[in-house]
Amino acid sequence: GIVFTKASQELPTEGVVVAVGPGNRDEASDTPENMWVSVGQTVKFTSFGAEPVNWGEEEEWLLVRQSSVILEYSEDSPTPNNVKLPPGKLLLQLVEVESQTAGGIITSQASQASDLSGTIVALSDDLQKDPHLAIGKNVKC
């Protein structure tokens, strides 16, 4: 797990990492998973991924599983150039494409969840080794 300070609760989906645990253990090999987040970095996490933890009357913290962390960044705000992504993830800038239905209704691509396209703007460390993926490449999801 990852621990955050009370100040993180002002934005319950973002916080500065103050501690990192050893991670879950792989059941097959009994080895700890690699923790990809770092103490001192700011992370964004899913809104349902935080559990409040209280120590004393004034200290409030959030405990977040690494699997709930969406991205990590080190500057004031995340950009495609300063984010670190979880293993197996890529960040896309969605491409808006209008299409017309058989009945003549024009819809944006964002409303067509089954046919999304985008440009890769960031890749996790492991995906950067994939020869089929690259920053700037257009992909369909």
# chains A, B, ... in the order shown; residues from 1 in each chain; ligands from 1

call {"tool": "residues_around", "arguments": {"residues": "Val139 of chain A", "least_positions_apart": "4", "cutoff": "7 Å", "atoms": "only C-alpha atoms", "output": "PDB file with C-alpha atoms, in the first residue's frame"}}
result
ATOM      1  CA  SER A 117      -8.889   6.128 -31.598  1.00  0.00           C
ATOM      2  CA  GLY A 118      -6.037   8.133 -30.189  1.00  0.00           C
ATOM      3  CA  THR A 119      -2.434   9.180 -30.394  1.00  0.00           C
TER       4      THR A 119
END

call {"tool": "residues_around", "arguments": {"residues": "Pro86 of chain A", "least_positions_apart": "4", "cutoff": "12 Å", "atoms": "only C-alpha atoms", "output": "PyMOL selection string"}}
result
chain A and resi 34-38+43-45+66-73+90-91+122-127

call {"tool": "closest_residue", "arguments": {"among": "A:Ser74, A:Pro87, A:Glu59, A:Asn81", "to": "Gln128 of chain A", "atoms": "only C-alpha atoms"}}
result
A:Pro87

call {"tool": "closest_residue", "arguments": {"among": "A:Ile120, A:Val83, A:Val17, A:Val64", "to": "Ala134 of chain A", "atoms": "only C-alpha atoms"}}
result
A:Ile120

call {"tool": "atom_distance", "arguments": {"atom1": "atom CA of His132 of chain A", "atom2": "atom CA of Leu116 of chain A"}}
result
18.3 Å
